[in-house]
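For reference, the structure discussed in these notes is given below.
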Amino acid sequence: MPSRYLITSALPYINGVKHLGNLIGSVLPADTYARFLRQNGCDVLHVCGTDEHGTPAEIAAQEEGLAIDVYCQQMHERQKLIYENFGIEFDFFGRTSSPSNHAFTTEVFKKLYENGYIQELYIDQYYSFDDQRFLPDRYIEGTCPYCKYDRARGDQCDGCGVLLNPEELIDPYSAISKSRNIALKKTRHFFLDMPKLEAEMTLWVEKQALWSDTVRGIAKKWLKDGVRPRCITRDLKWGITVPLNWIFAQKGQPIETVELDEVYNWAGEDKVFYVWFDAPNGYVSITQDWALSINSPDEWKKWWQPEKEQDVFYVEFMAKDNIAFHTIFWPAMMIGSGMNIKKVDDIKGFHWLTYDHGKFSTSQKRGVFTDVALELYPADYWRYYLLANCPESSDSDFSFEAFAAVVNKDLADILGNFVTRTIALHKKYCDLTIGIELTADNIDVQLSDRVNSATNCIAQLLSERKFRAASAELRALWALGNEYIAQKEPWQVLKTSQEQGEVILTHCLHLLRVFAIAGFPFIPYTSCKIFEILNDDSKKLRATSIANCLSFTCFNKGHKINDAYCLFEKIDDDTVQKLTQRFSGEGA
RNA sequence: CGCGGGGUAGAGCAGCUUGGUAGCUCGUCAGGCUCAUAACCUGAAGGUCAUUGGUUCGAAUCCAGUCCCCGCACCCA
């Protein structure tokens, strides 16, 4: 057993509020897993943060009329608050624009350079005079030389799918300003020498036993087709500055002695690392920021540079588009740097969440975004639905119709209703005061066995990070409550025997406690509410492992409980229709 | 032959690695109960596992071919 569990969620990009797919594609399952491990008493660190560099961020800031740093600051706070309100408990939610990430990324680069994994090449890049900037490949459009599609991008043609270089485009123009006043300029860039790392990466990928077929498949595909030098720098202002002084010093050619034009070309001092190069380093630098925040600056090493590799078990959560970076490029950077940074053990990759059989779309306002979601319904509704229906093995669809069906049935009818009926009976016949204690003589062994079997199963599935199956088993556990109470009919028994009736009801109260503990990784707010009703200490929710969490002796004679209330409001058909219409992105 | 994912009861999915009488949830229908958010419990109906061929005593599961659906278009994970 590893002594520590390191968990990272893919860093959400800064340029806007994320949608439900982002939530279920990384941070929510990661939080669920982290909560589960913490209940088991494991030492867990879960970090995430905003990915802030790159052209899309600059353009988004420009559109908002804000300076880039101000924009990022605001958007970071906004995203952070939304995750908090979903009950995502990061140890630290950091930023890739932080000083620590500047420092760490620079160090990674220097080590790669010293170890001979960095190549310098001049490349031709388009400069837009009207935009006054170099244009990243995807911001140049033109006609595809192969299929003649007239809106091909500089990196790829969407007409025929061929991968392109920008200079291949016929009649190119700036996608930002549509200006054709652009010209190819030579500019010096740095490349990560992937071919040199290929053999080592292949070995490393082969070694991975835990990765799913999908993850392994993507990794192998990139090893097969994607092994070529990858450019790691861009000509931009916003980012982590490439340490040119240091580089020229390394060459024994002090920068002062070199013609500026020759060195920088058009980029002047605006040469920064490409966002893909600095973003994953954020996992480490954010941990460093976490360490600073707890006044133990070296604490991050416990996680990223453990004495023994197997002391830390590291799981990354992400959507499938990110898998190549996490299976190949970032590990290659870390291996090449020789910095002895802990590498990932398992990668939990998610497929896409579609919206009402189509795509989420920011520009069309189609789909539910995380800020609006919380205005509509409490966090646990979303958490439960998304976990129970997560795109684990293939894409899955979100629709309000399905959402309402699941919320109404599972949360309201199965769980919520069991809470209400149990407490109502107790109030009526026992005055919300526990009058008996359960002992070996009166404990229902059959129930006990079934509950233990279910909780063990949930724990096992969570430890394997199978969220859909774990949710289904949680639901089955809830159903045991209704089954038990229907079979025992305490409302009948109580008419003839107070004691026998109370034995049944006390079993039900303990079941509620089990539901709260087992549900805590999934629907923490609800679990807290149930514990309040039971008048139990909510700290125990965080410190009781799910497997075998059943104990029929938690409540002493005389223990008072609180009255229940409706835990889940149902969603009616009319509302479903209105919401479906509202978020369809058509007309509106 | 562009890449990737998928085709299993009306809907949504599991099973496929390691072949052996087809499973879960919702929905439908029929009973039961009345403590409860018109909730709950029990039972039933409903599938030749896209299709063709092969391997095998035996294939949803392995192999080969065919067909169909989805994403790879701003945004976006």
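The way I read the labels, and the way they are meant: chains A, B, ... in the order of the structure tokens, residue 1 as the first residue of every chain, and ligand 1 as the first ligand shown, with later ones counted on from there.
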List as a PDB file with all heavy atoms, in the first residue's frame the protein and nucleic acid residues near Ala516 in chain A, meaning an atom at most 9 Å away when only C-alpha atoms (C1' of nucleotides) are counted, but skip any in the same chain fewer than 2 places from it.
```pdb
ATOM      1  N   LEU A 511     -29.118   2.545   9.266  1.00  0.00           N
ATOM      2  CA  LEU A 511     -28.979   2.489   7.797  1.00  0.00           C
ATOM      3  C   LEU A 511     -28.759   3.886   7.231  1.00  0.00           C
ATOM      4  O   LEU A 511     -27.933   4.090   6.344  1.00  0.00           O
ATOM      5  CB  LEU A 511     -30.239   1.888   7.166  1.00  0.00           C
ATOM      6  CG  LEU A 511     -30.386   0.378   7.217  1.00  0.00           C
ATOM      7  CD1 LEU A 511     -31.684  -0.035   6.527  1.00  0.00           C
ATOM      8  CD2 LEU A 511     -29.209  -0.296   6.532  1.00  0.00           C
ATOM      9  N   LEU A 512     -29.504   4.840   7.765  1.00  0.00           N
ATOM     10  CA  LEU A 512     -29.334   6.217   7.298  1.00  0.00           C
ATOM     11  C   LEU A 512     -27.897   6.676   7.506  1.00  0.00           C
ATOM     12  O   LEU A 512     -27.322   7.375   6.679  1.00  0.00           O
ATOM     13  CB  LEU A 512     -30.276   7.157   8.061  1.00  0.00           C
ATOM     14  CG  LEU A 512     -31.731   7.150   7.620  1.00  0.00           C
ATOM     15  CD1 LEU A 512     -32.549   8.096   8.480  1.00  0.00           C
ATOM     16  CD2 LEU A 512     -31.820   7.564   6.156  1.00  0.00           C
ATOM     17  N   ARG A 513     -27.349   6.283   8.619  1.00  0.00           N
ATOM     18  CA  ARG A 513     -25.963   6.658   8.912  1.00  0.00           C
ATOM     19  C   ARG A 513     -25.019   6.041   7.868  1.00  0.00           C
ATOM     20  O   ARG A 513     -24.112   6.709   7.368  1.00  0.00           O
ATOM     21  CB  ARG A 513     -25.608   6.160  10.320  1.00  0.00           C
ATOM     22  CG  ARG A 513     -24.300   6.684  10.836  1.00  0.00           C
ATOM     23  CD  ARG A 513     -24.124   6.360  12.308  1.00  0.00           C
ATOM     24  NE  ARG A 513     -22.932   7.018  12.819  1.00  0.00           N
ATOM     25  CZ  ARG A 513     -21.694   6.552  12.665  1.00  0.00           C
ATOM     26  NH1 ARG A 513     -21.508   5.414  12.028  1.00  0.00           N
ATOM     27  NH2 ARG A 513     -20.663   7.223  13.131  1.00  0.00           N
ATOM     28  N   VAL A 514     -25.268   4.806   7.528  1.00  0.00           N
ATOM     29  CA  VAL A 514     -24.461   4.144   6.492  1.00  0.00           C
ATOM     30  C   VAL A 514     -24.617   4.863   5.150  1.00  0.00           C
ATOM     31  O   VAL A 514     -23.638   5.095   4.435  1.00  0.00           O
ATOM     32  CB  VAL A 514     -24.874   2.667   6.354  1.00  0.00           C
ATOM     33  CG1 VAL A 514     -24.244   2.042   5.116  1.00  0.00           C
ATOM     34  CG2 VAL A 514     -24.491   1.891   7.597  1.00  0.00           C
ATOM     35  N   ALA A 518     -21.463   6.306   3.114  1.00  0.00           N
ATOM     36  CA  ALA A 518     -21.156   5.765   1.785  1.00  0.00           C
ATOM     37  C   ALA A 518     -21.414   6.793   0.697  1.00  0.00           C
ATOM     38  O   ALA A 518     -20.773   6.785  -0.350  1.00  0.00           O
ATOM     39  CB  ALA A 518     -21.985   4.512   1.530  1.00  0.00           C
ATOM     40  N   GLY A 519     -22.344   7.715   0.956  1.00  0.00           N
ATOM     41  CA  GLY A 519     -22.674   8.714  -0.051  1.00  0.00           C
ATOM     42  C   GLY A 519     -21.759   9.924  -0.026  1.00  0.00           C
ATOM     43  O   GLY A 519     -21.769  10.729  -0.966  1.00  0.00           O
ATOM     44  N   PHE A 520     -20.979  10.038   1.021  1.00  0.00           N
ATOM     45  CA  PHE A 520     -20.189  11.255   1.217  1.00  0.00           C
ATOM     46  C   PHE A 520     -19.272  11.616   0.039  1.00  0.00           C
ATOM     47  O   PHE A 520     -19.198  12.783  -0.338  1.00  0.00           O
ATOM     48  CB  PHE A 520     -19.390  11.154   2.517  1.00  0.00           C
ATOM     49  CG  PHE A 520     -18.665  12.409   2.884  1.00  0.00           C
ATOM     50  CD1 PHE A 520     -19.359  13.570   3.205  1.00  0.00           C
ATOM     51  CD2 PHE A 520     -17.279  12.454   2.897  1.00  0.00           C
ATOM     52  CE1 PHE A 520     -18.693  14.739   3.537  1.00  0.00           C
ATOM     53  CE2 PHE A 520     -16.602  13.612   3.223  1.00  0.00           C
ATOM     54  CZ  PHE A 520     -17.312  14.761   3.536  1.00  0.00           C
ATOM     55  N   ILE A 523     -22.234  12.707  -2.752  1.00  0.00           N
ATOM     56  CA  ILE A 523     -23.149  13.816  -2.445  1.00  0.00           C
ATOM     57  C   ILE A 523     -22.906  14.305  -1.021  1.00  0.00           C
ATOM     58  O   ILE A 523     -23.712  14.067  -0.116  1.00  0.00           O
ATOM     59  CB  ILE A 523     -24.619  13.385  -2.642  1.00  0.00           C
ATOM     60  CG1 ILE A 523     -24.896  12.004  -2.012  1.00  0.00           C
ATOM     61  CG2 ILE A 523     -24.979  13.359  -4.128  1.00  0.00           C
ATOM     62  CD1 ILE A 523     -26.372  11.617  -2.044  1.00  0.00           C
ATOM     63  N   PRO A 524     -21.807  15.019  -0.812  1.00  0.00           N
ATOM     64  CA  PRO A 524     -21.382  15.382   0.535  1.00  0.00           C
ATOM     65  C   PRO A 524     -22.373  16.288   1.287  1.00  0.00           C
ATOM     66  O   PRO A 524     -22.528  16.145   2.500  1.00  0.00           O
ATOM     67  CB  PRO A 524     -20.057  16.113   0.307  1.00  0.00           C
ATOM     68  CG  PRO A 524     -20.085  16.540  -1.119  1.00  0.00           C
ATOM     69  CD  PRO A 524     -20.874  15.509  -1.844  1.00  0.00           C
ATOM     70  N   THR A 526     -25.595  16.344   1.095  1.00  0.00           N
ATOM     71  CA  THR A 526     -26.705  15.528   1.582  1.00  0.00           C
ATOM     72  C   THR A 526     -26.268  14.691   2.784  1.00  0.00           C
ATOM     73  O   THR A 526     -27.009  14.548   3.760  1.00  0.00           O
ATOM     74  CB  THR A 526     -27.203  14.608   0.451  1.00  0.00           C
ATOM     75  OG1 THR A 526     -27.566  15.428  -0.668  1.00  0.00           O
ATOM     76  CG2 THR A 526     -28.383  13.785   0.902  1.00  0.00           C
ATOM     77  N   SER A 527     -25.067  14.144   2.695  1.00  0.00           N
ATOM     78  CA  SER A 527     -24.565  13.346   3.811  1.00  0.00           C
ATOM     79  C   SER A 527     -24.517  14.178   5.085  1.00  0.00           C
ATOM     80  O   SER A 527     -24.874  13.703   6.166  1.00  0.00           O
ATOM     81  CB  SER A 527     -23.167  12.814   3.484  1.00  0.00           C
ATOM     82  OG  SER A 527     -23.251  11.854   2.452  1.00  0.00           O
ATOM     83  N   CYS A 528     -24.082  15.419   4.948  1.00  0.00           N
ATOM     84  CA  CYS A 528     -24.032  16.291   6.122  1.00  0.00           C
ATOM     85  C   CYS A 528     -25.427  16.532   6.679  1.00  0.00           C
ATOM     86  O   CYS A 528     -25.634  16.535   7.891  1.00  0.00           O
ATOM     87  CB  CYS A 528     -23.367  17.619   5.779  1.00  0.00           C
ATOM     88  SG  CYS A 528     -21.591  17.470   5.529  1.00  0.00           S
ATOM     89  N   LYS A 529     -26.381  16.710   5.783  1.00  0.00           N
ATOM     90  CA  LYS A 529     -27.759  16.929   6.240  1.00  0.00           C
ATOM     91  C   LYS A 529     -28.279  15.720   7.005  1.00  0.00           C
ATOM     92  O   LYS A 529     -28.963  15.859   8.027  1.00  0.00           O
ATOM     93  CB  LYS A 529     -28.673  17.203   5.040  1.00  0.00           C
ATOM     94  CG  LYS A 529     -28.501  18.592   4.449  1.00  0.00           C
ATOM     95  CD  LYS A 529     -29.455  18.755   3.275  1.00  0.00           C
ATOM     96  CE  LYS A 529     -29.258  20.100   2.591  1.00  0.00           C
ATOM     97  NZ  LYS A 529     -30.055  20.184   1.348  1.00  0.00           N
ATOM     98  N   ILE A 530     -27.984  14.532   6.494  1.00  0.00           N
ATOM     99  CA  ILE A 530     -28.453  13.323   7.168  1.00  0.00           C
ATOM    100  C   ILE A 530     -27.800  13.212   8.548  1.00  0.00           C
ATOM    101  O   ILE A 530     -28.457  12.860   9.534  1.00  0.00           O
ATOM    102  CB  ILE A 530     -28.163  12.070   6.306  1.00  0.00           C
ATOM    103  CG1 ILE A 530     -29.032  12.109   5.047  1.00  0.00           C
ATOM    104  CG2 ILE A 530     -28.427  10.792   7.101  1.00  0.00           C
ATOM    105  CD1 ILE A 530     -28.733  10.995   4.044  1.00  0.00           C
ATOM    106  N   PHE A 531     -26.533  13.544   8.607  1.00  0.00           N
ATOM    107  CA  PHE A 531     -25.871  13.497   9.914  1.00  0.00           C
ATOM    108  C   PHE A 531     -26.452  14.517  10.883  1.00  0.00           C
ATOM    109  O   PHE A 531     -26.553  14.251  12.082  1.00  0.00           O
ATOM    110  CB  PHE A 531     -24.347  13.702   9.749  1.00  0.00           C
ATOM    111  CG  PHE A 531     -23.580  12.416   9.867  1.00  0.00           C
ATOM    112  CD1 PHE A 531     -23.936  11.318   9.127  1.00  0.00           C
ATOM    113  CD2 PHE A 531     -22.500  12.305  10.747  1.00  0.00           C
ATOM    114  CE1 PHE A 531     -23.242  10.113   9.230  1.00  0.00           C
ATOM    115  CE2 PHE A 531     -21.802  11.104  10.873  1.00  0.00           C
ATOM    116  CZ  PHE A 531     -22.169  10.006  10.110  1.00  0.00           C
ATOM    117  N   LEU A 541     -18.021  11.694   9.326  1.00  0.00           N
ATOM    118  CA  LEU A 541     -18.270  11.443   7.913  1.00  0.00           C
ATOM    119  C   LEU A 541     -16.963  11.398   7.142  1.00  0.00           C
ATOM    120  O   LEU A 541     -16.809  10.659   6.182  1.00  0.00           O
ATOM    121  CB  LEU A 541     -19.094  12.590   7.325  1.00  0.00           C
ATOM    122  CG  LEU A 541     -20.599  12.483   7.315  1.00  0.00           C
ATOM    123  CD1 LEU A 541     -21.164  13.771   6.763  1.00  0.00           C
ATOM    124  CD2 LEU A 541     -21.049  11.307   6.484  1.00  0.00           C
TER     125      LEU A 541
END
```
*Could you write out, as JSON, numbers by chain, all the residues of range 254-486 of chain A that DSSP marks as helix (DSSP H, G or I)?*
{"A": [255, 256, 257, 260, 261, 262, 263, 264, 265, 266, 267, 275, 276, 277, 278, 281, 282, 283, 284, 285, 286, 287, 288, 289, 290, 291, 292, 293, 299, 300, 301, 302, 303, 304, 309, 310, 311, 320, 321, 322, 323, 324, 325, 326, 327, 328, 329, 330, 331, 332, 333, 334, 335, 336, 337, 370, 371, 372, 373, 374, 375, 376, 379, 380, 381, 382, 383, 384, 385, 386, 387, 388, 400, 401, 402, 403, 404, 405, 406, 407, 408, 409, 410, 411, 412, 413, 414, 415, 416, 417, 418, 419, 420, 421, 422, 423, 424, 425, 426, 427, 428, 429, 430, 445, 446, 447, 448, 449, 450, 451, 452, 453, 454, 455, 456, 457, 458, 459, 460, 461, 462, 463, 467, 468, 469, 470, 471, 472, 473, 474, 475, 476, 477, 478, 479, 480, 481, 482, 483, 484, 485, 486]}
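Near chain A, within 6 Å and using only C-alpha atoms (C1' of nucleotides), the residues of chain B are C35, A36, C41, C75 and A77 of chain B.
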Go ahead and save the picked residues with C-alpha atoms (C1' of nucleotides), as a PDB file, in the first residue's frame.
```pdb
ATOM      1  C1'   C B  35     -45.081   4.980   7.589  1.00  0.00           C
ATOM      2  C1'   A B  36     -43.479   8.310   3.542  1.00  0.00           C
ATOM      3  C1'   C B  41     -42.247  -3.426  -1.937  1.00  0.00           C
ATOM      4  C1'   C B  75     -16.148  28.001 -28.868  1.00  0.00           C
ATOM      5  C1'   A B  77     -12.706  18.885 -22.001  1.00  0.00           C
TER       6        A B  77
END
```
*DSSP says strand (DSSP E) for which residues of range 195-378 of chain A? Put them as a ChimeraX atom specification?*
/A:230-231,233-235,271-273,312-319,346-350,353-355
Can you spit out the residues from that selection as a compact mmCIF listing (two decimals), in the first residue's frame, using N, CA, C and O atoms?
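As a result, again-v4.txt now contains:
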```txt
# COMPACT_ATOMS: atom_id res chain seq x y z
N ARG A 230 9.13 18.80 -31.07
CA ARG A 230 7.95 19.61 -30.82
C ARG A 230 8.38 21.01 -30.39
O ARG A 230 9.17 21.15 -29.46
N CYS A 231 7.82 21.99 -31.05
CA CYS A 231 8.16 23.37 -30.73
C CYS A 231 7.60 23.73 -29.35
O CYS A 231 6.44 23.46 -29.06
N THR A 233 8.20 26.94 -27.89
CA THR A 233 8.17 28.38 -27.63
C THR A 233 7.25 29.10 -28.61
O THR A 233 6.91 28.56 -29.68
N ARG A 234 6.84 30.27 -28.23
CA ARG A 234 5.95 31.11 -29.04
C ARG A 234 6.39 32.56 -28.94
O ARG A 234 7.05 32.95 -27.96
N ASP A 235 5.97 33.34 -29.90
CA ASP A 235 6.27 34.77 -29.83
C ASP A 235 5.07 35.53 -29.32
O ASP A 235 4.18 35.91 -30.07
N LYS A 271 9.40 36.37 -26.18
CA LYS A 271 9.49 34.95 -26.50
C LYS A 271 9.19 34.17 -25.23
O LYS A 271 9.89 34.27 -24.23
N VAL A 272 8.11 33.42 -25.29
CA VAL A 272 7.66 32.70 -24.09
C VAL A 272 7.51 31.22 -24.43
O VAL A 272 7.52 30.83 -25.59
N PHE A 273 7.33 30.42 -23.38
CA PHE A 273 7.10 29.01 -23.61
C PHE A 273 5.67 28.78 -24.09
O PHE A 273 4.74 29.46 -23.67
N VAL A 312 4.39 7.05 -3.24
CA VAL A 312 3.28 7.89 -3.68
C VAL A 312 2.56 7.20 -4.83
O VAL A 312 3.20 6.67 -5.74
N PHE A 313 1.25 7.17 -4.75
CA PHE A 313 0.44 6.66 -5.85
C PHE A 313 -0.19 7.88 -6.51
O PHE A 313 -0.93 8.62 -5.88
N TYR A 314 0.12 8.07 -7.79
CA TYR A 314 -0.29 9.30 -8.46
C TYR A 314 -1.32 9.00 -9.54
O TYR A 314 -1.08 8.23 -10.46
N VAL A 315 -2.49 9.62 -9.41
CA VAL A 315 -3.55 9.46 -10.40
C VAL A 315 -3.90 10.80 -11.02
O VAL A 315 -4.11 11.79 -10.30
N GLU A 316 -3.97 10.83 -12.34
CA GLU A 316 -4.39 12.04 -13.04
C GLU A 316 -5.78 11.83 -13.61
O GLU A 316 -6.08 10.77 -14.16
N PHE A 317 -6.61 12.85 -13.52
CA PHE A 317 -7.95 12.83 -14.10
C PHE A 317 -8.02 13.84 -15.24
O PHE A 317 -7.59 14.98 -15.06
N MET A 318 -8.57 13.42 -16.36
CA MET A 318 -8.65 14.34 -17.50
C MET A 318 -9.61 13.81 -18.56
O MET A 318 -9.99 12.63 -18.54
N ALA A 319 -9.96 14.67 -19.50
CA ALA A 319 -10.75 14.24 -20.64
C ALA A 319 -9.80 13.75 -21.73
O ALA A 319 -8.61 14.00 -21.69
N ASP A 346 -1.69 6.01 -12.59
CA ASP A 346 -2.87 5.71 -13.41
C ASP A 346 -3.44 7.01 -13.97
O ASP A 346 -3.38 8.05 -13.33
N ILE A 347 -3.96 6.89 -15.17
CA ILE A 347 -4.60 8.02 -15.82
C ILE A 347 -6.06 7.66 -16.03
O ILE A 347 -6.37 6.67 -16.68
N LYS A 348 -6.93 8.44 -15.41
CA LYS A 348 -8.35 8.21 -15.61
C LYS A 348 -8.82 9.15 -16.70
O LYS A 348 -8.95 10.36 -16.47
N GLY A 349 -9.02 8.63 -17.88
CA GLY A 349 -9.41 9.46 -19.01
C GLY A 349 -10.90 9.35 -19.29
O GLY A 349 -11.43 8.25 -19.35
N PHE A 350 -11.56 10.47 -19.44
CA PHE A 350 -12.99 10.48 -19.71
C PHE A 350 -13.27 10.84 -21.16
O PHE A 350 -12.53 11.58 -21.79
N LEU A 353 -18.89 14.44 -22.69
CA LEU A 353 -20.29 14.56 -22.31
C LEU A 353 -20.95 15.40 -23.39
O LEU A 353 -20.52 16.52 -23.65
N THR A 354 -21.97 14.85 -24.04
CA THR A 354 -22.66 15.64 -25.05
C THR A 354 -23.87 16.29 -24.40
O THR A 354 -24.31 15.88 -23.32
N TYR A 355 -24.41 17.29 -25.05
CA TYR A 355 -25.57 17.98 -24.50
C TYR A 355 -26.77 17.77 -25.40
O TYR A 355 -26.78 18.26 -26.54
```
*Between CA of Ala324 in chain A and CA of Trp222 in chain A, measure the distance and give it in Å to one decimal.*
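Going from CA of Ala324 in chain A over to CA of Trp222 in chain A, I get 6.8 Å.
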_What's around range 20-34 of chain B at 8 Å? Count only C-alpha atoms (C1' of nucleotides), leave out sequence neighbours fewer than 3 positions away in its own chain, and write the answer as a PyMOL selection string._
(chain A and resi 405+486) or (chain B and resi 10-15+41-45+49+58)
Expected file: the selected residues, N, CA, C and O atoms (P, O5', C5', C4', C3', O3' and C1' of nucleotides), as a compact mmCIF listing (two decimals), in the first residue's frame:
```txt
# COMPACT_ATOMS: atom_id res chain seq x y z
N ALA A 405 -35.23 12.58 -14.44
CA ALA A 405 -35.62 11.20 -14.14
C ALA A 405 -34.73 10.62 -13.05
O ALA A 405 -35.21 9.96 -12.13
N ALA A 486 -40.19 -2.13 4.16
CA ALA A 486 -41.43 -2.67 3.60
C ALA A 486 -41.67 -4.08 4.10
O ALA A 486 -42.79 -4.48 4.41
P G B 10 -37.12 -2.77 -27.99
O5' G B 10 -38.36 -1.78 -27.86
C5' G B 10 -38.58 -0.73 -28.78
C4' G B 10 -38.74 0.59 -28.07
C3' G B 10 -37.45 1.11 -27.43
O3' G B 10 -36.65 1.82 -28.36
C1' G B 10 -39.21 1.22 -25.87
P A B 11 -35.11 1.92 -28.17
O5' A B 11 -35.02 2.92 -26.94
C5' A B 11 -35.21 4.33 -27.11
C4' A B 11 -34.84 5.05 -25.84
C3' A B 11 -33.40 4.82 -25.39
O3' A B 11 -32.50 5.69 -26.04
C1' A B 11 -34.87 4.48 -23.56
P G B 12 -31.01 5.18 -26.29
O5' G B 12 -30.42 5.22 -24.82
C5' G B 12 -30.29 6.46 -24.12
C4' G B 12 -29.71 6.22 -22.76
C3' G B 12 -28.44 5.38 -22.75
O3' G B 12 -27.30 6.15 -23.07
C1' G B 12 -29.92 4.59 -21.08
P C B 13 -25.99 5.43 -23.56
O5' C B 13 -25.71 4.49 -22.32
C5' C B 13 -24.73 3.50 -22.33
C4' C B 13 -24.78 2.81 -21.00
C3' C B 13 -23.96 1.54 -20.90
O3' C B 13 -22.61 1.83 -20.59
C1' C B 13 -26.12 1.13 -20.04
P A B 14 -21.48 0.89 -21.13
O5' A B 14 -21.64 -0.44 -20.25
C5' A B 14 -21.41 -0.37 -18.86
C4' A B 14 -21.68 -1.70 -18.18
C3' A B 14 -20.91 -2.93 -18.66
O3' A B 14 -19.56 -2.89 -18.26
C1' A B 14 -23.11 -3.51 -18.04
P G B 15 -18.44 -3.62 -19.12
O5' G B 15 -18.96 -5.12 -19.19
C5' G B 15 -18.78 -6.01 -18.09
C4' G B 15 -19.43 -7.34 -18.42
C3' G B 15 -18.78 -8.11 -19.56
O3' G B 15 -17.78 -8.97 -19.04
C1' G B 15 -21.14 -8.03 -19.86
P C B 41 -38.59 0.02 -3.55
O5' C B 41 -39.39 -1.23 -3.01
C5' C B 41 -39.07 -1.82 -1.75
C4' C B 41 -40.00 -2.98 -1.48
C3' C B 41 -40.06 -4.01 -2.60
O3' C B 41 -39.01 -4.95 -2.49
C1' C B 41 -42.25 -3.43 -1.94
P U B 42 -38.50 -5.68 -3.78
O5' U B 42 -39.68 -6.67 -4.16
C5' U B 42 -40.03 -7.73 -3.28
C4' U B 42 -41.20 -8.50 -3.85
C3' U B 42 -41.04 -8.94 -5.30
O3' U B 42 -40.30 -10.14 -5.38
C1' U B 42 -43.18 -7.98 -5.00
P G B 43 -39.45 -10.43 -6.69
O5' G B 43 -40.57 -10.67 -7.80
C5' G B 43 -41.33 -11.86 -7.79
C4' G B 43 -42.48 -11.75 -8.76
C3' G B 43 -42.13 -11.58 -10.23
O3' G B 43 -41.77 -12.81 -10.83
C1' G B 43 -43.88 -10.12 -9.67
P A B 44 -40.95 -12.84 -12.19
O5' A B 44 -42.03 -12.32 -13.24
C5' A B 44 -43.15 -13.13 -13.59
C4' A B 44 -44.00 -12.42 -14.60
C3' A B 44 -43.28 -12.07 -15.90
O3' A B 44 -43.28 -13.17 -16.79
C1' A B 44 -44.49 -10.19 -15.13
P A B 45 -42.17 -13.29 -17.89
O5' A B 45 -42.71 -12.30 -19.02
C5' A B 45 -43.96 -12.55 -19.66
C4' A B 45 -44.36 -11.34 -20.45
C3' A B 45 -43.34 -10.90 -21.51
O3' A B 45 -43.53 -11.61 -22.72
C1' A B 45 -44.01 -9.03 -20.23
P C B 49 -28.67 -12.07 -31.58
O5' C B 49 -28.72 -10.69 -30.80
C5' C B 49 -28.44 -9.42 -31.42
C4' C B 49 -27.65 -8.61 -30.42
C3' C B 49 -26.18 -8.50 -30.74
O3' C B 49 -25.93 -7.13 -31.07
C1' C B 49 -26.56 -9.19 -28.47
P G B 58 -19.35 -26.37 -32.52
O5' G B 58 -19.86 -25.47 -31.31
C5' G B 58 -21.26 -25.43 -31.00
C4' G B 58 -21.48 -24.68 -29.71
C3' G B 58 -21.03 -23.23 -29.71
O3' G B 58 -22.04 -22.39 -30.25
C1' G B 58 -20.25 -24.30 -27.76
```
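With only C-alpha atoms (C1' of nucleotides) as the basis for measurement, B:C62 is the residue among B:C3, B:U37, B:U52, B:C62 that approaches U18 in chain B most closely.
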*Looking at only C-alpha atoms, which of A:Thr455, A:Ser471, A:Asn281, A:Gln310 is the one that sits closest to Ser3 in chain A?*
A:Gln310
*Considering only C-alpha atoms (C1' of nucleotides), return as number ranges by chain whatever protein or nucleic-acid residues lie within 7 Å of range 127-135 of chain A, sequence-local ones (same chain, fewer than 5 positions apart) excluded.*
A: 140, 174, 177, 179, 181-185, 235
*Rounded to one decimal in Å, what is the spacing between CA of Lys224 in chain A and CA of Val344 in chain A?*
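Computing the Euclidean distance for CA of Lys224 in chain A and CA of Val344 in chain A yields 20.8 Å.
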